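Structure file query14.txt; described as compact mmCIF, C-alpha atoms.
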# COMPACT_ATOMS: atom_id res chain seq x y z
CA MET J 1 118.99 153.00 18.94
CA SER J 2 121.81 150.56 19.56
CA ARG J 3 122.85 152.47 22.68
CA LYS J 4 119.32 152.16 24.11
CA ARG J 5 119.31 148.41 23.55
CA GLU J 6 122.72 148.04 25.22
CA HIS J 7 121.48 150.03 28.23
CA GLU J 8 118.36 147.85 28.59
CA ALA J 9 120.42 144.65 28.29
CA GLU J 10 122.86 145.90 30.93
CA LYS J 11 119.95 146.75 33.30
CA GLU J 12 118.38 143.32 32.79
CA ASN J 13 121.66 141.52 33.56
CA SER J 14 122.25 143.58 36.72
CA GLU J 15 118.91 142.45 38.24
CA ARG J 16 119.38 138.74 37.44
CA TRP J 17 120.69 138.12 40.99
CA LEU J 18 117.17 138.67 42.30
CA LEU J 19 116.11 135.39 40.69
CA THR J 20 118.84 133.47 42.50
CA TYR J 21 118.01 135.20 45.78
CA SER J 22 114.30 134.43 45.50
CA ASP J 23 115.07 130.77 44.71
CA LEU J 24 117.30 130.56 47.77
CA ILE J 25 114.62 132.05 50.05
CA THR J 26 112.05 129.62 48.67
CA LEU J 27 114.32 126.62 49.29
CA LEU J 28 115.04 127.78 52.86
CA MET J 29 111.33 128.11 53.56
CA ILE J 30 110.66 124.59 52.24
CA PHE J 31 113.56 123.25 54.32
CA PHE J 32 112.17 124.68 57.57
CA VAL J 33 108.66 123.48 56.74
CA VAL J 34 110.02 119.94 56.31
CA LEU J 35 111.90 120.18 59.61
CA TYR J 36 108.77 121.35 61.40
CA SER J 37 106.65 118.55 59.97
CA MET J 38 109.26 115.95 61.01
CA SER J 39 109.41 117.28 64.59
CA LYS J 40 105.65 117.32 65.17
CA VAL J 41 104.67 114.72 67.84
CA ASP J 42 101.67 112.45 67.39
CA ALA J 43 99.93 113.06 70.74
CA ASP J 44 97.84 109.86 70.70
CA LYS J 45 100.76 107.57 69.92
CA PHE J 46 102.97 109.34 72.45
CA GLN J 47 100.31 108.94 75.16
CA ALA J 48 99.96 105.20 74.45
CA VAL J 49 103.73 104.64 74.59
CA ALA J 50 104.06 106.69 77.79
CA GLU J 51 101.32 104.73 79.57
CA SER J 52 102.81 101.39 78.49
CA LEU J 53 106.27 102.33 79.72
CA ASN J 54 104.93 103.66 83.01
CA LYS J 55 102.93 100.46 83.61
CA ALA J 56 105.94 98.24 82.81
CA LEU J 57 108.30 100.18 85.06
CA SER J 58 105.95 100.71 88.02
CA GLY J 59 104.52 97.17 88.03
CA GLY J 60 101.02 98.49 88.61
CA VAL J 61 98.22 100.61 87.18
CA PRO J 62 99.77 103.29 84.99
CA ALA J 63 99.53 106.86 86.18
CA LYS J 64 98.01 109.33 83.78
CA MET J 65 100.69 111.02 81.74
CA GLU J 66 99.67 114.19 79.89
CA MET J 67 101.44 116.09 77.16
CA ALA J 68 101.94 119.78 77.70
CA ALA J 69 99.57 121.98 75.74
CA SER J 70 102.43 123.92 74.24
CA PRO J 71 106.11 123.15 73.62
CA SER J 72 107.11 125.85 76.09
CA GLY J 73 107.76 125.00 79.74
CA PRO J 74 110.23 122.96 81.78
CA SER J 75 108.88 119.54 80.82
CA LEU J 76 106.95 117.81 78.06
CA ILE J 77 105.51 115.08 80.30
CA GLN J 78 103.72 115.48 83.59
CA THR J 79 102.91 112.49 85.78
CA GLY J 80 99.77 112.55 87.87
CA THR J 81 97.25 115.40 87.93
CA PRO J 82 98.40 118.15 85.56
CA SER J 83 98.76 121.62 87.03
CA ALA J 84 99.27 125.05 85.59
CA THR J 85 102.85 125.17 86.79
CA THR J 86 105.18 122.17 86.77
CA THR J 87 107.46 122.05 89.79
CA ILE J 88 110.12 119.65 90.95
CA PRO J 89 109.42 118.17 94.42
CA GLY J 90 111.68 119.79 96.99
CA LYS J 91 112.64 122.63 94.66
CA ASP J 92 111.54 126.26 95.13
CA LYS J 93 109.16 125.26 97.93
CA ASP J 94 108.85 127.41 101.00
CA PRO J 95 108.97 125.09 104.04
CA SER J 96 106.93 127.62 106.03
CA LYS J 97 104.01 127.12 103.62
CA THR J 98 103.57 123.41 104.36
CA THR J 99 99.87 122.70 104.66
CA ASP J 100 98.19 120.66 107.36
CA ALA J 101 97.35 118.02 104.75
CA ASP J 102 101.03 117.74 103.73
CA GLN J 103 102.08 117.41 107.35
CA ALA J 104 99.39 114.81 108.05
CA ALA J 105 100.45 112.76 105.01
CA ALA J 106 104.08 112.93 106.12
CA ASN J 107 103.11 111.82 109.63
CA VAL J 108 101.09 108.89 108.29
CA SER J 109 103.98 107.81 106.01
CA GLN J 110 106.47 108.05 108.88
CA GLY J 111 104.08 106.20 111.15
CA ASN J 112 103.71 103.35 108.65
CA THR J 113 107.49 103.12 108.27
CA ASP J 114 108.04 103.06 112.02
CA ALA J 115 105.35 100.42 112.48
CA GLU J 116 106.89 98.22 109.78
CA ASN J 117 110.35 98.59 111.30
CA LEU J 118 108.99 97.50 114.66
CA SER J 119 107.24 94.53 113.04
CA ILE J 120 110.39 93.40 111.21
CA GLU J 121 112.54 93.91 114.29
CA ALA J 122 110.07 91.84 116.32
CA ILE J 123 110.33 89.02 113.76
CA LYS J 124 114.12 89.20 113.96
CA ALA J 125 114.05 89.03 117.76
CA LYS J 126 111.78 85.98 117.73
CA LEU J 127 113.94 84.17 115.16
CA ASP J 128 117.13 84.97 117.06
CA LYS J 129 115.58 83.59 120.25
CA PHE J 130 114.38 80.48 118.41
CA ALA J 131 117.90 79.88 117.05
CA LEU J 132 119.43 80.38 120.49
CA ASP J 133 116.93 78.09 122.24
CA ASN J 134 117.62 75.32 119.69
CA GLY J 135 121.39 75.76 119.60
CA ILE J 136 121.48 76.67 115.89
CA GLN J 137 122.47 80.35 116.22
CA SER J 138 125.59 79.75 114.12
CA LYS J 139 123.53 78.22 111.29
CA LEU J 140 120.46 80.46 111.36
CA ILE J 141 121.59 84.09 111.24
CA SER J 142 119.34 87.11 110.71
CA SER J 143 120.46 90.59 109.68
CA MET J 144 118.78 93.87 108.75
CA GLU J 145 119.44 95.24 105.28
CA GLU J 146 117.98 98.05 103.19
CA ARG J 147 115.68 95.63 101.39
CA GLY J 148 114.45 94.10 104.64
CA LEU J 149 115.23 91.25 107.04
CA VAL J 150 117.56 88.56 105.68
CA VAL J 151 117.41 85.17 107.43
CA SER J 152 120.38 83.12 106.27
CA ILE J 153 120.13 79.35 106.86
CA GLN J 154 123.23 77.25 106.29
CA GLU J 155 123.03 74.28 103.93
CA THR J 156 123.91 71.71 106.60
CA LEU J 157 120.78 72.68 108.55
CA LEU J 158 118.47 71.89 105.63
CA PHE J 159 120.06 69.56 103.08
CA GLY J 160 122.58 66.84 102.63
CA SER J 161 125.68 67.55 100.54
CA GLY J 162 124.77 67.92 96.86
CA SER J 163 121.10 67.22 97.62
CA ALA J 164 117.93 69.32 97.47
CA ASP J 165 115.88 66.99 99.69
CA ILE J 166 114.88 68.72 102.94
CA THR J 167 115.60 66.66 106.04
CA ASP J 168 112.89 65.87 108.62
CA ARG J 169 114.52 68.12 111.22
CA ALA J 170 114.72 70.92 108.65
CA ARG J 171 110.99 70.61 107.98
CA GLU J 172 110.23 71.19 111.63
CA ILE J 173 112.58 74.18 111.73
CA LEU J 174 110.98 75.73 108.63
CA LYS J 175 107.49 75.21 110.04
CA SER J 176 108.51 76.97 113.24
CA ILE J 177 109.96 79.83 111.18
CA SER J 178 106.75 80.07 109.16
CA THR J 179 104.69 80.64 112.32
CA VAL J 180 106.81 83.72 113.01
CA LEU J 181 106.71 84.99 109.41
CA GLY J 182 102.95 84.49 109.23
CA SER J 183 102.42 87.41 111.63
CA ALA J 184 103.38 89.93 108.90
CA SER J 185 102.08 90.56 105.40
CA ASN J 186 105.40 91.37 103.72
CA GLN J 187 106.58 89.61 100.59
CA ILE J 188 109.02 86.75 101.24
CA ARG J 189 111.69 85.85 98.71
CA VAL J 190 113.55 82.54 99.08
CA GLU J 191 117.01 82.61 97.50
CA GLY J 192 119.21 79.55 96.94
CA HIS J 193 123.03 79.85 96.94
CA THR J 194 125.94 77.43 96.51
CA ASP J 195 129.71 77.53 96.64
CA ASN J 196 131.87 77.43 93.51
CA LEU J 197 132.59 73.70 93.57
CA PRO J 198 131.19 72.32 90.29
CA ILE J 199 128.41 69.76 90.31
CA GLN J 200 127.31 67.71 87.32
CA THR J 201 124.80 64.97 87.91
CA ALA J 202 121.76 63.73 86.03
CA LYS J 203 119.50 65.70 88.38
CA PHE J 204 121.67 68.81 88.78
CA PRO J 205 123.73 69.62 85.67
CA SER J 206 125.10 72.72 87.42
CA ASN J 207 124.88 74.78 90.60
CA TRP J 208 122.09 76.80 88.99
CA GLU J 209 119.68 73.86 89.10
CA LEU J 210 120.74 72.89 92.60
CA SER J 211 120.17 76.38 94.02
CA VAL J 212 116.79 76.81 92.29
CA ILE J 213 115.39 73.41 93.33
CA ARG J 214 116.49 73.99 96.91
CA SER J 215 114.73 77.36 97.08
CA THR J 216 111.51 76.01 95.53
CA ASN J 217 111.49 73.07 97.97
CA VAL J 218 111.72 75.55 100.86
CA VAL J 219 108.88 77.60 99.34
CA GLN J 220 106.69 74.50 99.27
CA ILE J 221 107.35 73.84 102.96
CA LEU J 222 106.50 77.44 103.88
CA GLN J 223 103.31 77.29 101.81
CA SER J 224 102.21 74.01 103.39
CA ALA J 225 102.85 75.58 106.81
CA GLY J 226 100.33 78.35 106.11
CA ILE J 227 102.20 81.16 104.37
CA THR J 228 100.01 82.69 101.64
CA PRO J 229 101.43 81.58 98.25
CA SER J 230 101.08 85.08 96.77
CA ARG J 231 103.63 86.31 99.35
CA LEU J 232 106.24 83.77 98.27
CA SER J 233 108.77 83.72 95.45
CA ALA J 234 111.83 81.58 94.72
CA ALA J 235 115.15 82.41 93.10
CA GLY J 236 118.43 80.60 92.52
CA TYR J 237 121.79 82.36 92.20
CA GLY J 238 124.10 79.38 92.04
CA GLU J 239 127.63 80.32 93.06
CA TYR J 240 127.45 83.92 91.83
CA ARG J 241 126.33 85.77 95.00
CA PRO J 242 128.91 84.67 97.60
CA ILE J 243 129.09 86.30 101.03
CA ALA J 244 132.53 84.85 101.81
CA SER J 245 135.64 83.71 99.98
CA ASN J 246 135.46 80.27 98.40
CA ASP J 247 139.19 79.81 99.02
CA THR J 248 138.52 78.31 102.45
CA ILE J 249 136.27 75.50 103.65
CA ALA J 250 134.63 77.85 106.15
CA GLY J 251 133.90 80.36 103.39
CA GLN J 252 132.42 77.69 101.17
CA GLY J 253 130.17 76.59 104.05
CA ARG J 254 128.86 80.14 104.49
CA ASN J 255 128.13 80.44 100.77
CA ARG J 256 126.07 77.23 100.73
CA ARG J 257 122.88 78.71 102.15
CA ILE J 258 119.20 79.55 101.78
CA ASP J 259 118.26 83.18 102.37
CA LEU J 260 114.74 84.15 103.41
CA ILE J 261 114.23 87.85 102.67
CA ILE J 262 111.27 89.57 104.33
CA LEU J 263 111.01 92.52 101.95
CA ARG J 264 110.00 95.97 103.11
CA SER J 265 106.62 97.06 101.77
CA LYS J 266 108.18 99.80 99.63
CA TYR J 267 109.49 97.04 97.35
CA ASP J 268 105.96 95.77 96.65
CA VAL J 269 105.89 97.98 93.53
CA THR J 270 108.68 95.89 92.03
CA GLU J 271 106.77 92.65 92.51
CA PRO J 272 104.32 91.39 89.84
CA THR J 273 100.71 92.25 90.63
CA ASN J 274 97.92 89.68 90.84
CA GLN J 275 96.36 89.53 87.37
CA THR J 276 93.73 86.88 88.16
CA PRO J 277 90.90 87.12 85.56
CA VAL J 278 87.50 88.23 86.78
CA SER J 279 85.17 85.31 87.52
CA GLY J 280 83.31 84.27 84.38
CA SER J 281 85.77 85.82 81.96
CA PRO J 282 88.32 83.64 80.16
CA ALA J 283 92.00 83.99 80.94
CA PRO J 284 94.05 85.75 78.24
CA VAL J 285 95.67 83.42 75.75
CA LEU J 286 99.05 84.28 74.30
CA THR J 287 99.54 83.33 70.67
CA PRO J 288 102.85 83.30 68.85

Starting from the file, lay out its structure as C-alpha cells.
Amino acid sequence: MSRKREHEAEKENSERWLLTYSDLITLLMIFFVVLYSMSKVDADKFQAVAESLNKALSGGVPAKMEMAASPSGPSLIQTGTPSATTTIPGKDKDPSKTTDADQAAANVSQGNTDAENLSIEAIKAKLDKFALDNGIQSKLISSMEERGLVVSIQETLLFGSGSADITDRAREILKSISTVLGSASNQIRVEGHTDNLPIQTAKFPSNWELSVIRSTNVVQILQSAGITPSRLSAAGYGEYRPIASNDTIAGQGRNRRIDLIILRSKYDVTEPTNQTPVSGSPAPVLTP
C-alpha cells in the first residue's frame, strides 16, 4: 500500500512542469495580444492627420490620402486616386508603353515651361534695355536664377543713406519697372537687404527694421503703379544675405540693395492661397 502511494506521488511530481509550461504559453499569448492592440491604427484619426499635414505642406487643397486595405504592400499611404498596385513614378515603367495621353500631358507641361521662360527672358531684356537707356546698368542688374528672375536695385538708386524714404527719381524708375512686370502674372517678392554696419535710431533699431520698411515701401509703389496686390509680398533680411564681402566699401554697396524676384509659377504652391470668405459669410475669428 505504501509503495503504491509513493508511485502515485512520484508520477504527480513528474507532471508538475506542465503547469509551468501552460502558464508560460498563456502569458506569451496575452503579451502578443497586447502588442497587436497597441499597433492597431485608428483609420479615421490617421486620415484626418494625413489630410491636415498634406494641406499645410502643399499650401493648397489637400489631396485625398487613403490607407491601404491591408498591412501588406509597399506603402501604407497612397496620394491621389488609389490603384490596385502602388508604383513609384519612373520605376519599373516601360518607356515603350507611354500612352498618347501621357505624351500629350508632357508636351503641354514642356510647352508651359518654355512659354514662361520666354516671358521671363523678355522681361529681363526689357529691363536691361531700360537700365542701359537711362545709364543705370551698374545699379539695376538682372540675373536668371532657379527661382526666377532677380532684379537687384542698389540702395543709392532708391534711398538716402540710412533712410527708407523713396526718392522722386526712384518713384519714376519703379513705375517704369512696374509697367514691364505687369505683362506677366508671376508672383513678385520684394526683398530688402543691408550691409553689416549697425544702425540704431528711434525709427530703425536695427538693420532688420530698415530692410523690411524699405521693401514694404517699394511694394506700395508697385501696387500704386498697377501691380495686383495679391502678386506682391515683402521680406527683409537685414545684413544676413550678403552677395559680396562687407570688408570693402564696394562690397558693402552691393549688399545694400532691393531685390525684385519674379518667381517661376512652379513656386506658386509655396505661396499662401487666397482665403477670402464667400460673400455673405463672416470671416473666421481666431480666439485664444

Original post:
Leu263 in chain J: which residues within 8 Å, counting all atoms listed in the file, same-chain residues fewer than 6 positions away excluded, as a PyMOL selection string?
Top reply: chain J and resi 147-149+186-189

Original post:
Counting only C-alpha atoms, which residues come within 12 Å of (116.2, 98.4, 103.2), with the point read in the file's coordinates, and could you list them as a VMD selection string?
Top reply: chain J and resid 113 116 to 117 120 143 to 150 261 to 267

**OP:** Check the smallest atom-to-atom distance from each of J:Pro229, J:Arg257, J:Arg214, J:Val269 to Asp165 in chain J using only C-alpha atoms, then report the winner.
**Re:**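 Looking at the shortest contact to Asp165 in chain J, the residue is J:Arg214.
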
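Distances here use all atoms listed in the file; by that measure, the residue among J:Thr228, J:Thr248, J:Arg256, J:Tyr237 closest to Ser185 in chain J is J:Thr228.
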
Subject >> Interatomic distance, CA of Pro242 in chain J to CA of Asn255 in chain J (Å, one decimal) >> reply: 5.3 Å

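CA of Asp133 in chain J is found 18.2 Å from CA of Glu121 in chain J.
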
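Across the structure, CA of Gln47 in chain J and CA of Phe32 in chain J are spaced 26.4 Å apart.
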
**OP:** Measuring atom to atom with all atoms listed in the file, identify which of J:Leu174, J:Leu157, J:Val180, J:Ile258 is nearest to Asp195 in chain J.
**Re:**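 Using all atoms listed in the file, the shortest distance to Asp195 in chain J belongs to J:Ile258.
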
Where is the centre and how long are the edges: axis-aligned box on range 194-205 of chain J, 8 Å on each side, Å to one decimal, as JSON:
{"center_x": 126.0, "center_y": 70.6, "center_z": 91.2, "size_x": 29.1, "size_y": 29.8, "size_z": 27.0}

**OP:** Find the residues with any atom within 12 Å of (121.9, 81.5, 114.5); use all atoms listed in the file and the coordinates as given in the file, and write the answer as an NGL selection string.
**Re:** :J and (124-143 or 151-154 or 157)

Given the block above, output range 211-222 of chain J with all heavy atoms as a tab-separated table (two decimals), in the first residue's frame.
chain	number	residue	atom	x	y	z
J	211	SER	N	15.56	97.13	-43.45
J	211	SER	CA	15.36	96.33	-44.66
J	211	SER	C	13.89	96.04	-44.91
J	211	SER	O	13.43	96.06	-46.06
J	211	SER	CB	16.15	95.02	-44.55
J	211	SER	OG	15.67	94.21	-43.48
J	212	VAL	N	13.12	95.80	-43.84
J	212	VAL	CA	11.70	95.48	-44.01
J	212	VAL	C	10.93	96.71	-44.48
J	212	VAL	O	10.10	96.63	-45.40
J	212	VAL	CB	11.11	94.94	-42.69
J	212	VAL	CG1	9.59	94.83	-42.79
J	212	VAL	CG2	11.71	93.59	-42.36
J	213	ILE	N	11.16	97.86	-43.85
J	213	ILE	CA	10.43	99.08	-44.23
J	213	ILE	C	10.76	99.47	-45.66
J	213	ILE	O	9.89	99.91	-46.42
J	213	ILE	CB	10.76	100.23	-43.25
J	213	ILE	CG1	10.28	99.87	-41.83
J	213	ILE	CG2	10.10	101.51	-43.71
J	213	ILE	CD1	8.80	99.62	-41.73
J	214	ARG	N	12.00	99.31	-46.05
J	214	ARG	CA	12.37	99.63	-47.43
J	214	ARG	C	11.61	98.74	-48.42
J	214	ARG	O	11.09	99.23	-49.43
J	214	ARG	CB	13.88	99.45	-47.62
J	214	ARG	CG	14.70	100.62	-47.07
J	214	ARG	CD	16.19	100.40	-47.28
J	214	ARG	NE	16.96	101.61	-46.99
J	214	ARG	CZ	18.29	101.70	-47.07
J	214	ARG	NH1	18.99	100.62	-47.43
J	214	ARG	NH2	18.90	102.83	-46.80
J	215	SER	N	11.55	97.45	-48.14
J	215	SER	CA	10.86	96.54	-49.07
J	215	SER	C	9.36	96.83	-49.12
J	215	SER	O	8.75	96.80	-50.20
J	215	SER	CB	11.11	95.09	-48.67
J	215	SER	OG	10.60	94.81	-47.38
J	216	THR	N	8.74	97.13	-47.98
J	216	THR	CA	7.30	97.43	-47.99
J	216	THR	C	7.01	98.75	-48.70
J	216	THR	O	5.98	98.89	-49.36
J	216	THR	CB	6.75	97.49	-46.56
J	216	THR	OG1	7.53	98.41	-45.77
J	216	THR	CG2	6.79	96.12	-45.90
J	217	ASN	N	7.92	99.73	-48.59
J	217	ASN	CA	7.72	100.99	-49.32
J	217	ASN	C	7.79	100.77	-50.83
J	217	ASN	O	7.03	101.38	-51.60
J	217	ASN	CB	8.78	102.01	-48.89
J	217	ASN	CG	8.49	102.59	-47.51
J	217	ASN	OD1	7.40	102.39	-46.96
J	217	ASN	ND2	9.45	103.29	-46.94
J	218	VAL	N	8.67	99.88	-51.27
J	218	VAL	CA	8.75	99.55	-52.69
J	218	VAL	C	7.47	98.83	-53.13
J	218	VAL	O	6.94	99.09	-54.22
J	218	VAL	CB	9.99	98.69	-52.98
J	218	VAL	CG1	9.96	98.16	-54.41
J	218	VAL	CG2	11.26	99.50	-52.75
J	219	VAL	N	6.97	97.92	-52.30
J	219	VAL	CA	5.72	97.21	-52.62
J	219	VAL	C	4.58	98.20	-52.83
J	219	VAL	O	3.76	98.06	-53.76
J	219	VAL	CB	5.38	96.20	-51.50
J	219	VAL	CG1	3.91	95.77	-51.59
J	219	VAL	CG2	6.28	94.98	-51.59
J	220	GLN	N	4.50	99.21	-51.98
J	220	GLN	CA	3.44	100.20	-52.10
J	220	GLN	C	3.54	100.97	-53.42
J	220	GLN	O	2.50	101.28	-54.05
J	220	GLN	CB	3.48	101.15	-50.91
J	220	GLN	CG	3.09	100.49	-49.59
J	220	GLN	CD	3.23	101.43	-48.41
J	220	GLN	OE1	3.69	102.56	-48.55
J	220	GLN	NE2	2.84	100.96	-47.23
J	221	ILE	N	4.74	101.27	-53.84
J	221	ILE	CA	4.92	101.97	-55.13
J	221	ILE	C	4.47	101.07	-56.28
J	221	ILE	O	3.76	101.52	-57.19
J	221	ILE	CB	6.38	102.40	-55.32
J	221	ILE	CG1	6.80	103.38	-54.22
J	221	ILE	CG2	6.58	103.02	-56.70
J	221	ILE	CD1	6.03	104.67	-54.22
J	222	LEU	N	4.87	99.81	-56.25
J	222	LEU	CA	4.48	98.88	-57.31
J	222	LEU	C	2.97	98.70	-57.35
J	222	LEU	O	2.36	98.62	-58.42
J	222	LEU	CB	5.17	97.53	-57.10
J	222	LEU	CG	6.71	97.52	-57.20
J	222	LEU	CD1	7.24	96.12	-56.93
J	222	LEU	CD2	7.17	98.02	-58.55
